[in-house]
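Structure below is model35.txt: compact mmCIF, C-alpha atoms and all ligand atoms.
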# COMPACT_ATOMS: atom_id res chain seq x y z
CA MET Q 5 -62.18 -146.81 95.28
CA GLY Q 6 -61.49 -148.67 92.12
CA GLU Q 7 -65.12 -148.82 91.18
CA LEU Q 8 -65.58 -145.09 91.02
CA ILE Q 9 -64.76 -144.79 87.38
CA ARG Q 10 -67.51 -147.19 86.49
CA PHE Q 11 -69.81 -144.24 86.90
CA SER Q 12 -69.35 -143.22 83.34
CA LYS Q 13 -71.47 -146.07 82.18
CA LEU Q 14 -73.77 -146.65 85.09
CA GLN Q 15 -77.22 -145.42 85.76
CA PRO Q 16 -77.62 -142.26 87.78
CA GLY Q 17 -79.69 -144.16 90.31
CA TYR Q 18 -76.83 -146.45 91.00
CA LEU Q 19 -74.51 -143.54 91.34
CA PHE Q 20 -76.56 -141.92 94.02
CA SER Q 21 -77.07 -145.21 95.79
CA ILE Q 22 -73.38 -145.66 96.40
CA LEU Q 23 -72.11 -142.11 96.53
CA LEU Q 24 -72.72 -141.20 100.08
CA GLY Q 25 -69.29 -140.36 101.41
CA ALA Q 26 -68.40 -136.69 101.69
CA GLN Q 27 -64.93 -137.31 100.40
CA ILE Q 28 -66.24 -138.94 97.30
CA LEU Q 29 -68.76 -136.22 96.71
CA THR Q 30 -66.25 -133.43 97.01
CA ALA Q 31 -63.25 -134.87 95.29
CA VAL Q 32 -64.46 -137.56 93.00
CA LEU Q 33 -68.08 -137.01 92.19
CA LEU Q 34 -67.40 -133.42 91.30
CA PRO Q 35 -65.37 -134.34 88.28
CA PHE Q 36 -68.05 -136.77 87.25
CA HIS Q 37 -71.14 -134.81 88.04
CA VAL Q 38 -71.72 -134.25 84.40
CA ALA Q 39 -71.80 -137.99 83.97
CA LEU Q 40 -75.21 -137.97 85.55
CA ALA Q 41 -76.74 -136.08 82.67
CA SER Q 42 -77.69 -139.07 80.60
CA GLU Q 43 -76.78 -142.60 79.81
CA ASP Q 44 -78.06 -142.28 76.29
CA ASP Q 45 -75.62 -143.36 73.63
CA ASN Q 46 -75.65 -139.99 71.94
CA SER Q 47 -75.11 -137.95 75.05
CA LEU Q 48 -72.64 -140.14 76.84
CA ALA Q 49 -71.11 -138.81 79.99
CA LEU Q 50 -67.73 -138.92 78.36
CA ASP Q 51 -68.91 -136.40 75.82
CA SER Q 52 -70.80 -134.07 78.10
CA ALA Q 53 -67.92 -134.05 80.56
CA SER Q 54 -65.99 -131.85 78.19
CA SER Q 55 -67.96 -128.86 79.41
CA ALA Q 56 -66.23 -129.32 82.74
CA GLY Q 57 -62.81 -129.05 81.16
CA GLY Q 58 -62.05 -132.66 80.49
CA THR Q 59 -63.37 -136.08 79.81
CA ILE Q 60 -62.75 -139.30 81.57
CA GLY Q 61 -59.58 -140.77 80.26
CA ALA Q 62 -59.34 -138.43 77.35
CA ALA Q 63 -58.44 -135.54 79.60
CA SER Q 64 -54.82 -135.70 78.61
CA SER Q 65 -54.94 -136.35 74.97
CA GLY Q 66 -58.29 -135.37 73.51
CA PRO Q 67 -58.41 -135.89 69.80
CA ALA Q 68 -55.12 -137.36 68.68
CA TYR Q 69 -53.21 -136.11 65.69
CA GLY Q 70 -50.47 -137.67 63.68
CA ASP Q 71 -49.53 -138.39 60.13
CA PHE Q 72 -50.76 -141.95 59.83
CA ASN Q 73 -49.95 -142.32 56.11
CA GLY Q 74 -46.73 -140.30 56.10
CA ASP Q 75 -47.80 -137.86 53.40
CA GLY Q 76 -46.74 -134.81 55.39
CA LYS Q 77 -50.29 -133.81 56.25
CA ASP Q 78 -51.47 -134.56 59.73
CA ASP Q 79 -54.56 -136.64 60.18
CA LEU Q 80 -57.13 -136.62 62.97
CA ALA Q 81 -58.41 -139.53 65.05
CA LEU Q 82 -61.56 -138.91 67.05
CA GLY Q 83 -62.69 -141.14 69.88
CA VAL Q 84 -66.35 -142.14 69.96
CA PRO Q 85 -66.48 -144.16 73.18
CA GLY Q 86 -70.27 -144.28 73.36
CA GLU Q 87 -70.70 -145.75 69.90
CA ALA Q 88 -73.01 -148.74 69.69
CA VAL Q 89 -71.69 -151.50 67.43
CA GLY Q 90 -73.17 -154.53 65.71
CA THR Q 91 -76.46 -155.45 64.13
CA GLY Q 92 -79.13 -153.04 65.28
CA ASP Q 93 -76.54 -151.26 67.41
CA SER Q 94 -76.96 -154.11 69.85
CA ILE Q 95 -73.53 -153.77 71.46
CA THR Q 96 -74.02 -150.55 73.35
CA PHE Q 97 -71.15 -148.33 74.46
CA ALA Q 98 -68.66 -150.58 72.69
CA GLY Q 99 -66.93 -147.52 71.29
CA ALA Q 100 -65.25 -146.55 68.03
CA VAL Q 101 -62.68 -144.27 66.45
CA ASN Q 102 -63.22 -142.16 63.36
CA VAL Q 103 -60.15 -141.09 61.39
CA LEU Q 104 -60.08 -138.13 59.01
CA TYR Q 105 -57.07 -137.70 56.74
CA GLY Q 106 -55.42 -134.43 55.85
CA SER Q 107 -55.18 -132.95 52.38
CA SER Q 108 -53.80 -129.75 50.90
CA THR Q 109 -57.12 -128.13 51.77
CA GLY Q 110 -57.34 -129.66 55.24
CA LEU Q 111 -59.19 -132.59 56.66
CA GLN Q 112 -61.51 -134.39 54.28
CA ALA Q 113 -63.73 -137.47 54.37
CA SER Q 114 -64.29 -138.14 50.67
CA GLY Q 115 -60.93 -139.56 49.68
CA THR Q 116 -60.18 -136.39 47.72
CA GLY Q 117 -56.56 -135.29 48.08
CA GLY Q 118 -55.90 -137.91 50.75
CA PRO Q 119 -57.04 -141.32 51.98
CA ASN Q 120 -60.70 -141.91 52.56
CA ASP Q 121 -61.84 -141.71 56.15
CA GLN Q 122 -61.90 -144.72 58.43
CA PHE Q 123 -64.13 -146.09 61.15
CA TRP Q 124 -62.55 -148.51 63.59
CA THR Q 125 -64.18 -150.69 66.21
CA GLN Q 126 -62.97 -153.81 67.93
CA ASP Q 127 -65.07 -155.71 65.40
CA SER Q 128 -63.18 -154.19 62.45
CA ALA Q 129 -61.54 -156.84 60.29
CA GLY Q 130 -58.16 -157.84 61.64
CA LEU Q 131 -58.37 -155.94 64.88
CA LEU Q 132 -57.58 -157.96 67.99
CA ASP Q 133 -60.23 -158.60 70.64
CA SER Q 134 -63.89 -157.92 69.90
CA ALA Q 135 -66.48 -155.26 70.58
CA GLU Q 136 -68.37 -155.84 73.80
CA ALA Q 137 -70.96 -153.75 75.56
CA ASN Q 138 -69.53 -150.97 77.74
CA ASP Q 139 -65.91 -151.39 76.58
CA ASN Q 140 -65.73 -147.69 75.65
CA PHE Q 141 -63.07 -148.21 72.95
CA GLY Q 142 -61.81 -144.74 72.03
CA SER Q 143 -62.04 -143.22 75.51
CA SER Q 144 -58.47 -142.03 75.14
CA LEU Q 145 -56.13 -141.65 72.18
CA ALA Q 146 -52.45 -140.99 71.66
CA THR Q 147 -50.23 -140.89 68.62
CA GLY Q 148 -46.57 -141.67 68.14
CA ASP Q 149 -44.31 -143.36 65.65
CA PHE Q 150 -43.73 -146.39 67.84
CA ASN Q 151 -41.75 -148.32 65.20
CA ASN Q 152 -40.06 -145.28 63.60
CA ASP Q 153 -41.11 -146.08 60.05
CA GLY Q 154 -42.09 -142.47 59.34
CA ARG Q 155 -45.80 -143.07 59.76
CA ASP Q 156 -47.52 -142.30 63.00
CA ASP Q 157 -49.33 -145.00 64.87
CA LEU Q 158 -52.39 -144.77 67.12
CA GLY Q 159 -52.95 -145.96 70.66
CA VAL Q 160 -56.61 -146.40 71.58
CA GLY Q 161 -57.71 -146.73 75.20
CA VAL Q 162 -60.37 -149.27 76.12
CA PRO Q 163 -60.50 -148.59 79.86
CA PHE Q 164 -63.64 -150.62 80.53
CA GLU Q 165 -62.45 -153.73 78.69
CA ASN Q 166 -62.85 -156.93 80.66
CA ILE Q 167 -59.74 -159.10 80.67
CA GLY Q 168 -61.11 -162.59 80.83
CA SER Q 169 -63.57 -162.37 83.69
CA ILE Q 170 -61.82 -159.39 85.27
CA GLN Q 171 -64.32 -156.58 84.93
CA ASP Q 172 -63.18 -153.20 83.63
CA ALA Q 173 -59.50 -154.02 83.99
CA GLY Q 174 -58.89 -152.04 80.81
CA ALA Q 175 -56.75 -152.40 77.71
CA ALA Q 176 -55.16 -150.46 74.87
CA SER Q 177 -55.22 -151.26 71.19
CA VAL Q 178 -52.40 -150.02 68.95
CA LEU Q 179 -52.91 -149.58 65.21
CA TYR Q 180 -49.88 -148.96 63.04
CA GLY Q 181 -49.64 -146.52 60.19
CA SER Q 182 -48.87 -147.39 56.57
CA SER Q 183 -48.64 -145.64 53.21
CA THR Q 184 -52.41 -145.94 53.02
CA GLY Q 185 -53.09 -144.95 56.63
CA LEU Q 186 -53.89 -146.90 59.75
CA GLN Q 187 -54.29 -150.63 59.22
CA SER Q 188 -54.79 -153.65 61.44
CA GLY Q 189 -52.13 -155.96 60.01
CA ASN Q 190 -49.77 -155.78 62.96
CA ASP Q 191 -52.00 -154.31 65.62
CA GLN Q 192 -51.46 -154.94 69.30
CA PHE Q 193 -53.74 -155.43 72.30
CA TRP Q 194 -52.10 -154.51 75.59
CA ASN Q 195 -53.26 -154.98 79.15
CA GLN Q 196 -51.64 -155.69 82.50
CA ASP Q 197 -51.90 -159.42 81.87
CA SER Q 198 -50.04 -159.12 78.54
CA SER Q 199 -46.76 -160.98 78.54
CA SER Q 200 -43.99 -159.03 80.30
CA VAL Q 201 -46.20 -156.06 81.21
CA GLN Q 202 -45.69 -155.09 84.83
CA ASP Q 203 -48.41 -155.44 87.44
CA THR Q 204 -51.58 -157.49 87.01
CA ALA Q 205 -55.00 -156.85 85.54
CA GLU Q 206 -57.48 -156.33 88.36
CA ALA Q 207 -61.14 -155.44 88.37
CA PHE Q 208 -61.86 -151.75 87.81
CA ASP Q 209 -58.23 -150.73 87.25
CA ASN Q 210 -59.23 -148.79 84.11
CA PHE Q 211 -55.90 -149.35 82.36
CA ALA Q 212 -55.59 -146.89 79.46
CA ASN Q 213 -58.03 -144.31 80.77
CA ALA Q 214 -55.37 -141.87 79.53
CA LEU Q 215 -52.58 -142.22 76.99
CA ALA Q 216 -49.59 -140.11 75.95
CA GLY Q 217 -46.99 -140.77 73.28
CA GLY Q 218 -43.43 -139.41 73.47
CA ASP Q 219 -39.85 -140.47 72.91
CA PHE Q 220 -38.69 -140.70 76.51
CA ASN Q 221 -35.25 -142.16 75.69
CA ASN Q 222 -34.73 -140.33 72.39
CA ASP Q 223 -33.95 -143.43 70.34
CA GLY Q 224 -36.20 -142.23 67.52
CA ARG Q 225 -39.01 -144.59 68.43
CA ASP Q 226 -41.91 -143.13 70.32
CA ASP Q 227 -43.01 -144.72 73.54
CA LEU Q 228 -46.46 -144.97 75.10
CA ALA Q 229 -47.43 -143.95 78.63
CA ILE Q 230 -50.64 -145.58 79.84
CA GLY Q 231 -52.65 -144.23 82.76
CA VAL Q 232 -54.24 -146.68 85.19
CA GLN Q 233 -56.20 -144.19 87.23
CA ALA Q 234 -57.94 -146.67 89.54
CA GLU Q 235 -55.00 -148.98 90.24
CA ASP Q 236 -54.95 -150.21 93.84
CA LEU Q 237 -51.60 -150.62 95.56
CA GLY Q 238 -50.98 -152.51 98.76
CA GLY Q 239 -54.62 -152.46 99.68
CA ILE Q 240 -54.93 -148.72 99.09
CA GLU Q 241 -57.69 -148.10 96.60
CA ALA Q 242 -57.47 -146.04 93.42
CA VAL Q 243 -54.08 -144.53 94.08
CA GLY Q 244 -53.41 -144.80 90.35
CA ALA Q 245 -50.37 -145.78 88.31
CA VAL Q 246 -48.77 -145.42 84.90
CA ASN Q 247 -47.40 -148.20 82.72
CA VAL Q 248 -44.85 -147.22 80.08
CA LEU Q 249 -44.14 -149.29 76.98
CA TYR Q 250 -41.09 -148.44 74.89
CA GLY Q 251 -40.88 -148.48 71.13
CA SER Q 252 -38.70 -150.73 69.00
CA SER Q 253 -38.21 -151.32 65.29
CA THR Q 254 -41.16 -153.68 65.47
CA GLY Q 255 -43.34 -151.41 67.57
CA LEU Q 256 -44.18 -151.22 71.25
CA GLN Q 257 -42.72 -153.97 73.40
CA ALA Q 258 -42.63 -154.87 77.07
CA SER Q 259 -39.83 -157.41 77.22
CA GLY Q 260 -36.81 -155.17 76.83
CA THR Q 261 -36.20 -156.54 73.34
CA GLY Q 262 -35.11 -153.85 70.89
CA GLY Q 263 -35.82 -151.11 73.42
CA PRO Q 264 -35.93 -150.42 77.16
CA ASP Q 265 -37.93 -152.73 79.39
CA ASP Q 266 -41.37 -151.50 80.39
CA GLN Q 267 -41.95 -149.46 83.53
CA PHE Q 268 -44.63 -149.18 86.20
CA TRP Q 269 -44.81 -145.86 88.04
CA ASN Q 270 -46.78 -144.72 91.03
CA GLN Q 271 -46.27 -142.29 93.88
CA ASP Q 272 -44.70 -145.05 95.99
CA SER Q 273 -42.12 -145.82 93.28
CA THR Q 274 -38.62 -145.17 94.56
CA GLY Q 275 -37.72 -141.54 93.96
CA VAL Q 276 -41.17 -140.32 92.96
CA LEU Q 277 -42.21 -137.36 95.07
CA ASP Q 278 -45.25 -137.53 97.35
CA THR Q 279 -46.99 -140.71 98.46
CA ALA Q 280 -49.68 -142.98 97.05
CA GLU Q 281 -52.92 -142.33 98.90
CA ALA Q 282 -56.43 -143.63 98.42
CA ASN Q 283 -58.35 -142.06 95.54
CA ASP Q 284 -55.45 -139.91 94.30
CA GLN Q 285 -55.97 -141.24 90.78
CA PHE Q 286 -52.37 -140.71 89.66
CA GLY Q 287 -52.53 -141.13 85.90
CA PHE Q 288 -56.00 -139.68 85.41
CA ALA Q 289 -54.39 -137.41 82.80
CA LEU Q 290 -51.07 -137.63 80.96
CA GLY Q 291 -49.02 -135.23 78.87
CA ALA Q 292 -45.67 -135.82 77.17
CA ALA Q 293 -43.33 -133.10 75.93
CA ASP Q 294 -39.66 -132.09 76.17
CA PHE Q 295 -39.84 -129.63 79.05
CA ASN Q 296 -36.07 -129.17 79.45
CA GLY Q 297 -35.09 -129.25 75.80
CA ASP Q 298 -32.69 -132.19 76.05
CA ASP Q 299 -34.44 -133.98 73.17
CA ARG Q 300 -35.87 -136.60 75.48
CA ASP Q 301 -39.57 -136.30 76.09
CA ASP Q 302 -40.73 -136.00 79.68
CA LEU Q 303 -44.01 -137.14 81.22
CA ALA Q 304 -46.47 -135.10 83.24
CA VAL Q 305 -48.94 -137.13 85.27
CA GLY Q 306 -52.15 -135.51 86.47
CA ILE Q 307 -53.41 -136.39 89.97
CA PRO Q 308 -56.60 -134.32 90.16
CA SER Q 309 -57.86 -135.84 93.40
CA GLU Q 310 -54.59 -135.39 95.30
CA ALA Q 311 -54.95 -133.73 98.69
CA ILE Q 312 -52.53 -130.90 99.40
CA GLY Q 313 -52.03 -131.04 103.13
CA THR Q 314 -55.58 -131.26 104.40
CA ILE Q 315 -57.07 -129.66 101.32
CA PHE Q 316 -59.00 -132.50 99.78
CA GLY Q 317 -59.09 -132.81 96.02
CA ALA Q 318 -56.86 -129.79 95.42
CA GLY Q 319 -54.95 -131.77 92.81
CA ALA Q 320 -51.35 -132.02 91.67
CA ALA Q 321 -49.09 -133.24 88.90
CA ASN Q 322 -45.91 -135.27 88.99
CA VAL Q 323 -43.34 -134.78 86.24
CA LEU Q 324 -40.85 -137.51 85.35
CA TYR Q 325 -37.97 -136.57 83.06
CA GLY Q 326 -36.60 -138.61 80.19
CA SER Q 327 -33.08 -139.97 79.93
CA ALA Q 328 -31.06 -142.21 77.62
CA THR Q 329 -32.61 -145.15 79.43
CA GLY Q 330 -36.13 -143.75 79.58
CA LEU Q 331 -38.17 -142.05 82.29
CA GLN Q 332 -36.41 -141.76 85.65
CA THR Q 333 -36.83 -139.88 88.92
CA SER Q 334 -33.56 -138.03 89.49
CA ASN Q 335 -35.06 -134.59 88.94
CA ASP Q 336 -38.76 -135.29 89.20
CA GLN Q 337 -41.19 -132.61 90.23
CA PHE Q 338 -44.44 -132.38 92.17
CA TRP Q 339 -46.52 -129.38 91.23
CA ASN Q 340 -49.65 -127.98 92.82
CA GLN Q 341 -51.18 -124.56 93.33
CA ASP Q 342 -49.32 -124.15 96.60
CA SER Q 343 -45.95 -124.86 94.94
CA SER Q 344 -43.60 -121.92 95.22
CA GLY Q 345 -44.30 -119.42 92.46
CA VAL Q 346 -47.41 -121.11 91.09
CA LEU Q 347 -50.34 -118.76 90.66
CA GLY Q 348 -53.59 -119.48 92.42
CA SER Q 349 -53.93 -121.40 95.64
CA ALA Q 350 -54.80 -124.98 96.45
CA ASP Q 351 -58.42 -125.15 97.45
CA ASP Q 352 -60.85 -127.93 98.17
CA SER Q 353 -61.93 -129.80 95.00
CA ASP Q 354 -59.95 -127.59 92.62
CA ASN Q 355 -58.84 -130.70 90.75
CA PHE Q 356 -55.59 -129.15 89.49
CA GLY Q 357 -54.13 -131.55 86.93
CA TRP Q 358 -57.48 -132.76 85.64
CA ALA Q 359 -56.34 -132.04 82.09
CA LEU Q 360 -52.85 -131.53 80.73
CA GLY Q 361 -51.89 -129.79 77.51
CA SER Q 362 -48.45 -130.36 76.12
CA CA Q 401 -51.52 -137.81 56.49
CA CA Q 402 -45.16 -146.06 62.67
CA CA Q 403 -38.23 -144.28 72.55
CA CA Q 404 -36.60 -133.76 78.34
Would you encode the structure as structure tokens?
Amino acid sequence: MGELIRFSKLQPGYLFSILLGAQILTAVLLPFHVALASEDDNSLALDSASSAGGTIGAASSGPAYGDFNGDGKDDLALGVPGEAVGTGDSITFAGAVNVLYGSSTGLQASGTGGPNDQFWTQDSAGLLDSAEANDNFGSSLATGDFNNDGRDDLGVGVPFENIGSIQDAGAASVLYGSSTGLQSGNDQFWNQDSSSVQDTAEAFDNFANALAGGDFNNDGRDDLAIGVQAEDLGGIEAVGAVNVLYGSSTGLQASGTGGPDDQFWNQDSTGVLDTAEANDQFGFALGAADFNGDDRDDLAVGIPSEAIGTIFGAGAANVLYGSATGLQTSNDQFWNQDSSGVLGSADDSDNFGWALGS
């Protein structure tokens, strides 16, 4: 059900009015039960969800870290997806990102020993698109040096962005680093209707609910994996998918110019283990790291609502390994708590793979 993820910004009454199916309650509502706590800006579901071990979209990446100004001290971006923007905070749940820069004494916000802190919204000068109510800019974050200029860049998920009139299709903004930190001069705004990006923006896809940066082809330019947790495929709802954009000397690109062409992965992709089923939410969480030490980063994809046999919502994770041409399926893996050697056992609503740390 592609609309499930809308819960994070809907009223509890509406939630209860449509959440009647046992499957939803056990496998999907459970992860979001904390979302019912409040719709108040300062106690947004996305924040309170952390007590359950993850947050919507940010489950994979949490606060991002990277050296945005290239001074050798890592900096910290913090998503604030419930931030109200505009005069009188009139644009509610538009979302924002705070950035704190490192110094020899650690993070600081005064401009002492490092750049002054920053506050980004879609209404910040130079940033593409604009702040709209319920966009939830900052729901997910990922860092990487996408153009390999020695300064890390920041991907910002906006999973409830409308694309034209397509509600909650989702988008990702990318801000590039500079000697003075993140700046909007050459920022990008990606969605599934962007030129050359595979698939199509559809209502309630929630593109960019999760993000992970890694160098999947080891060309020195980091690449960006983008979760689309509520993607429908072939009439099957919310199976989930992952778009991958590869870096180039000019940053992320989807056309195959200066780097590999973009990819679109799901559990029905040729070679990917298991099968796309309704409400799996493949791509709910993402984690990138070099699991086999071949210098190419690999991608773990959380599928917290995956059924293992008849065990509903037990959860699983697919792992795709990097290669000289990018992510591929030749030695992919499908892990769950019933996998040989894995501790624990797959039980109803365990939600294995809800969050990934790498
Ligand atoms: Ca820095
Ligand atoms: Ca960069
Ligand atoms: Ca790369
Ligand atoms: Ca690897």
Could you list, as a ChimeraX atom specification, all residues that come within 12 Å of ligand CA 401 (chain Q)? Count only C-alpha atoms and all ligand atoms.
/Q:69-81,103-108,110-112,115,117-121,154-157,181-186
Could you report the residues within 8 Å of ligand CA 404 (chain Q), using only C-alpha atoms and all ligand atoms, as JSON, numbers by chain?
{"Q": [220, 293, 294, 295, 296, 297, 298, 299, 300, 301, 302, 325, 326, 327]}
Same residues, C-alpha atoms, output as a compact mmCIF listing (two decimals), keeping the file's coordinate frame:
# COMPACT_ATOMS: atom_id res chain seq x y z
CA PHE Q 220 -38.69 -140.70 76.51
CA ALA Q 293 -43.33 -133.10 75.93
CA ASP Q 294 -39.66 -132.09 76.17
CA PHE Q 295 -39.84 -129.63 79.05
CA ASN Q 296 -36.07 -129.17 79.45
CA GLY Q 297 -35.09 -129.25 75.80
CA ASP Q 298 -32.69 -132.19 76.05
CA ASP Q 299 -34.44 -133.98 73.17
CA ARG Q 300 -35.87 -136.60 75.48
CA ASP Q 301 -39.57 -136.30 76.09
CA ASP Q 302 -40.73 -136.00 79.68
CA TYR Q 325 -37.97 -136.57 83.06
CA GLY Q 326 -36.60 -138.61 80.19
CA SER Q 327 -33.08 -139.97 79.93
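Atom pair atom CA of Ser128 of chain Q / atom CA of Ile230 of chain Q has a distance of 23.1 Å (rounded to one decimal).
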Between Q:Ser344, Q:Asn355, Q:Ser252, Q:Gln332, which one has atoms that come closest to Ala318 of chain Q, using all atoms listed in the file?
Q:Asn355
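The space separating atom CA of Ala311 of chain Q from atom CA of Trp269 of chain Q comes to 19.1 Å.
With all atoms listed in the file as the atoms that count, the residue of Q:Gly148, Q:Gly238, Q:Gly92, Q:Gly345 with the shortest distance to ligand CA 403 (chain Q) is Q:Gly148.
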Might you pull out every residue within 12 Å of Gly161 of chain Q, with all atoms listed in the file counted and same-chain residues fewer than 2 positions away left off, and present them as an MDAnalysis selection string?
chainID Q and resid 60:62 64:66 68 82:85 98:101 125:126 139:147 158:159 163:165 172:179 192:195 210:216 228:232
Within 9 Å of ligand CA 403 (chain Q), counting only C-alpha atoms and all ligand atoms, residues as a PyMOL selection string
chain Q and resi 150+218-228+249-252+263-264+300-301+329-330
Compare Q:Ala129, Q:Ala289, Q:Leu256, Q:Ile95 by their minimum atom-to-atom distance to ligand CA 402 (chain Q), counting all atoms listed in the file, and give me the closest one.
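Closest candidate: Q:Leu256.
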Which of these residues is nearest to ligand CA 402 (chain Q), using all atoms listed in the file: Q:Gly239, Q:Gly255, Q:Gly168, Q:Gly130?
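Of the candidates, the smallest distance to ligand CA 402 (chain Q) is held by Q:Gly255.
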Find the residue from Q:Thr254, Q:Leu303, Q:Glu310, Q:Leu277 that sits nearest to ligand CA 402 (chain Q); use only C-alpha atoms and all ligand atoms when measuring.
Q:Thr254
